[in-house]
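Pasting final-v3.txt here (compact mmCIF, C-alpha atoms and all ligand atoms):
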```
# COMPACT_ATOMS: atom_id res chain seq x y z
CA MET A 1 12.74 9.14 -45.86
CA SER A 2 12.48 11.87 -48.47
CA ASP A 3 14.14 15.27 -48.34
CA ASP A 4 11.36 17.82 -48.11
CA THR A 5 13.57 20.86 -47.51
CA TRP A 6 12.55 22.24 -50.92
CA ARG A 7 9.17 23.04 -49.35
CA GLU A 8 10.80 25.82 -47.33
CA ASN A 9 11.41 27.75 -50.55
CA ALA A 10 8.08 26.96 -52.17
CA LEU A 11 6.70 30.13 -53.70
CA CYS A 12 3.15 28.89 -53.16
CA ARG A 13 3.61 29.33 -49.43
CA GLN A 14 3.21 33.04 -50.12
CA THR A 15 0.02 32.66 -52.14
CA ASP A 16 -3.53 31.40 -51.78
CA PRO A 17 -3.24 27.58 -51.61
CA GLU A 18 -6.71 27.19 -53.11
CA ILE A 19 -5.49 28.23 -56.57
CA TYR A 20 -3.47 24.98 -56.69
CA PHE A 21 -6.55 22.86 -56.10
CA PRO A 22 -9.36 24.49 -58.10
CA GLU A 23 -12.82 23.04 -58.41
CA ARG A 24 -13.27 20.65 -61.31
CA GLY A 25 -13.01 22.65 -64.54
CA GLY A 26 -11.55 25.66 -62.74
CA SER A 27 -8.57 27.59 -64.04
CA THR A 28 -5.06 26.63 -63.02
CA ARG A 29 -3.46 29.51 -64.87
CA ASP A 30 -2.59 31.61 -61.81
CA ALA A 31 -1.06 28.61 -60.06
CA LYS A 32 0.96 27.61 -63.10
CA GLU A 33 2.25 31.16 -63.52
CA THR A 34 3.43 31.19 -59.92
CA CYS A 35 5.15 27.85 -60.43
CA LEU A 36 7.08 29.23 -63.39
CA ALA A 37 8.77 31.69 -61.02
CA CYS A 38 9.35 29.13 -58.26
CA GLU A 39 12.95 28.10 -57.62
CA VAL A 40 12.02 24.63 -56.35
CA ARG A 41 9.79 23.74 -59.27
CA THR A 42 11.82 20.71 -60.31
CA SER A 43 11.93 19.26 -56.80
CA CYS A 44 8.21 19.86 -56.42
CA LEU A 45 7.40 18.00 -59.62
CA GLU A 46 9.74 15.13 -58.72
CA TYR A 47 8.01 14.84 -55.35
CA ALA A 48 4.58 14.81 -56.98
CA LEU A 49 5.59 12.06 -59.38
CA ASP A 50 7.45 9.98 -56.78
CA SER A 51 4.60 10.20 -54.28
CA GLY A 52 1.83 9.55 -56.82
CA GLN A 53 0.05 12.89 -56.53
CA ASN A 54 -2.96 13.08 -58.85
CA TYR A 55 -4.68 16.24 -57.70
CA GLY A 56 -3.71 19.88 -57.89
CA VAL A 57 -0.91 21.77 -59.55
CA TRP A 58 2.62 20.61 -58.79
CA GLY A 59 5.77 21.99 -60.35
CA GLY A 60 3.77 23.94 -62.88
CA VAL A 61 1.90 20.86 -64.07
CA ASN A 62 -1.87 20.54 -63.82
CA GLU A 63 -3.79 17.33 -63.09
CA ARG A 64 -4.20 16.29 -66.72
CA GLU A 65 -0.51 16.84 -67.40
CA LEU A 66 0.41 15.09 -64.17
CA ARG A 67 -1.57 11.99 -65.14
CA ARG A 68 0.13 12.01 -68.54
CA LEU A 69 3.54 12.10 -66.86
CA HIS A 70 2.54 9.25 -64.52
CA ARG A 71 1.52 7.15 -67.52
CA ALA A 72 4.74 7.95 -69.37
CA ARG A 73 6.77 7.01 -66.32
CA ARG A 74 4.93 3.69 -65.92
CA ALA A 75 5.42 2.92 -69.61
CA ALA A 76 9.13 3.73 -69.38
CA THR A 77 9.47 1.50 -66.29
CA LYS A 78 7.81 -1.41 -68.11
CA THR A 79 10.14 -1.17 -71.08
CA ALA A 80 13.29 -0.64 -69.00
S1 LIG A 101 6.44 24.65 -58.21
FE1 LIG A 101 4.46 25.55 -57.77
S2 LIG A 101 3.38 24.06 -56.48
FE2 LIG A 101 5.56 23.53 -56.49
S3 LIG A 101 6.43 24.52 -54.71
FE3 LIG A 101 6.69 25.91 -56.42
S4 LIG A 101 4.92 27.27 -56.42
FE4 LIG A 101 4.44 25.50 -55.12
```
Will you turn the file into structure tokens for me?
Amino acid sequence: MSDDTWRENALCRQTDPEIYFPERGGSTRDAKETCLACEVRTSCLEYALDSGQNYGVWGGVNERELRRLHRARRAATKTA
């Protein structure tokens, strides 16, 4: 079981959740700016990577960046 207590301090709880899941091609700038000020950013990104999230902004990382991190992690696991 994972520790999800970081969610209690998620800054996005105080904002519009839709900015974290924009339509295809939509801007993620507002979401990423909020993430930069979020104290649980690292935990959020770790959760997204550990749980295989592919959609939305997590820990200040957009979908394209998230997929890149997933690939890098898989590559590192293969060579380890
Ligand atoms: S880093 Fe961003 S998406 Fe993650 S909890 Fe904080 S505000 Fe929400």
Original post:
Which residues, written as an MDAnalysis selection string, have at least one atom at most 12 Å from A:Arg13, with all atoms listed in the file counted and residues fewer than 6 positions away on the same chain left out?
Top reply: chainID A and resid 6:7 19:20 31 34:35 38 40
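Separating atom FE3 of ligand LIG 101 (chain A) from atom CA of A:Thr5 is a distance of 12.3 Å.
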Proximity of chain A to ligand LIG 101 (chain A): per-residue shortest pair, 12 Å limit, only C-alpha atoms and all ligand atoms, as CSV:
```
residue,atom,partner,partner_atom,distance
A:Asp4,CA,A:LIG101,S3,10.6
A:Thr5,CA,A:LIG101,S3,10.8
A:Trp6,CA,A:LIG101,S3,7.6
A:Arg7,CA,A:LIG101,S3,6.2
A:Glu8,CA,A:LIG101,S3,8.7
A:Asn9,CA,A:LIG101,S3,7.2
A:Ala10,CA,A:LIG101,S3,3.9
A:Leu11,CA,A:LIG101,S4,4.3
A:Cys12,CA,A:LIG101,S4,4.0
A:Arg13,CA,A:LIG101,FE4,6.9
A:Gln14,CA,A:LIG101,S4,8.7
A:Thr15,CA,A:LIG101,S4,8.4
A:Asp16,CA,A:LIG101,FE4,10.5
A:Pro17,CA,A:LIG101,FE4,8.7
A:Glu18,CA,A:LIG101,S2,11.1
A:Ile19,CA,A:LIG101,S2,9.8
A:Tyr20,CA,A:LIG101,S2,6.9
A:Phe21,CA,A:LIG101,S2,10.0
A:Thr28,CA,A:LIG101,FE1,10.9
A:Arg29,CA,A:LIG101,FE1,11.3
A:Asp30,CA,A:LIG101,FE1,10.1
A:Ala31,CA,A:LIG101,FE1,6.7
A:Lys32,CA,A:LIG101,FE1,6.7
A:Glu33,CA,A:LIG101,FE1,8.3
A:Thr34,CA,A:LIG101,S4,5.5
A:Cys35,CA,A:LIG101,FE1,3.6
A:Leu36,CA,A:LIG101,S1,6.9
A:Ala37,CA,A:LIG101,S4,7.5
A:Cys38,CA,A:LIG101,FE3,4.6
A:Glu39,CA,A:LIG101,FE3,6.7
A:Val40,CA,A:LIG101,FE3,5.5
A:Arg41,CA,A:LIG101,S1,3.6
A:Thr42,CA,A:LIG101,S1,7.0
A:Ser43,CA,A:LIG101,FE2,7.7
A:Cys44,CA,A:LIG101,FE2,4.5
A:Leu45,CA,A:LIG101,FE2,6.6
A:Glu46,CA,A:LIG101,FE2,9.6
A:Tyr47,CA,A:LIG101,FE2,9.1
A:Ala48,CA,A:LIG101,FE2,8.8
A:Leu49,CA,A:LIG101,FE2,11.8
A:Gln53,CA,A:LIG101,S2,11.7
A:Tyr55,CA,A:LIG101,S2,11.3
A:Gly56,CA,A:LIG101,S2,8.4
A:Val57,CA,A:LIG101,S2,5.8
A:Trp58,CA,A:LIG101,S2,4.2
A:Gly59,CA,A:LIG101,S1,3.5
A:Gly60,CA,A:LIG101,FE1,5.4
A:Val61,CA,A:LIG101,FE1,8.3
A:Asn62,CA,A:LIG101,S2,9.7
A:Glu63,CA,A:LIG101,S2,11.8
```
**OP:** Find the distance between atom CA of A:Asn54 and atom CA of A:Gly26 and write it in Å to one decimal.
**Re:**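 Atom-to-atom, atom CA of A:Asn54 and atom CA of A:Gly26 are spaced 15.7 Å apart.
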Original post:
What does the distance from atom CA of A:Arg24 to atom CA of A:Ala75 come to in Å, to one decimal?
Top reply: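 Atom CA of A:Ala75 lies 27.1 Å from atom CA of A:Arg24.
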As JSON, what would the box around stretch 47-55 of chain A look like: edges along x, y and z, 3 Å added on every side, centre and edge lengths in Å to one decimal?
```
{"center_x": 1.7, "center_y": 12.9, "center_z": -56.8, "size_x": 18.7, "size_y": 12.7, "size_z": 11.1}
```
